[in-house]
Amino acid sequence: MKAIPGTLREGGASFATTHWSVIAACTLDNGSANAALAQLCRDYWPPLYTFVRRRGYSPADAQDLVQGFFAHLLEKRAYTKTNQARGKFRSFLLASLKHYLADLWDRERALKRGGNYKLVLLEEQIEAIESLSADESASIPLDEEQQYEQQWAASLVSHALDR
């Protein structure tokens, strides 16, 4: 397996000085833009990988996350919104990467929250219980306390449904 620059064993990779001319070349609509984008990805991949690894991700997951981040960055052309007067490009990249990781985490959690559950319609359940209790009430006599609790439960459910 080819060694990945900026691995934690090597102490990680630090951000290089930003060359704004490369970022400006990325925004052009000619052949040099692809070369500039490739240079940008080569320069910033190792420090972003190191950042993700230090957050506790495995090497394979970190590679996938950084690769996905660059794909997202290039697809949205977010680098075109940067401005040298507004701050460092590395700060922009780190903030963007943090947002990307948080969005992925939110999407994964959203699937876990409701993904494995079946929705139950209350109306169907209430009708089934009412038909059961009507059949059972004829065969099993309820004392006053049980009748009160049954009426109270039915009233509570009907008020909840009305709301």
# chains A, B, ... in the order shown; residues from 1 in each chain; ligands from 1
call {"tool": "residues_around", "arguments": {"residues": "region 65-77 of chain A", "least_positions_apart": "4", "cutoff": "9 Å", "atoms": "only C-alpha atoms", "output": "PyMOL selection string"}}
result
chain A and resi 27+37+41+45+48-49+52+60-61+81+96-97+100-101
call {"tool": "atom_distance", "arguments": {"atom1": "CA of Arg54 (chain A)", "atom2": "CA of Ala35 (chain A)"}}
result
29.4 Å
call {"tool": "atom_distance", "arguments": {"atom1": "CA of Ala102 (chain A)", "atom2": "CA of Tyr57 (chain A)"}}
result
13.6 Å
call {"tool": "atom_distance", "arguments": {"atom1": "CA of Thr80 (chain A)", "atom2": "CA of Lys98 (chain A)"}}
result
18.7 Å
call {"tool": "closest_residue", "arguments": {"among": "A:Gly56, A:Tyr79, A:Ala153, A:Gln63", "to": "Leu40 (chain A)", "atoms": "only C-alpha atoms"}}
result
A:Tyr79
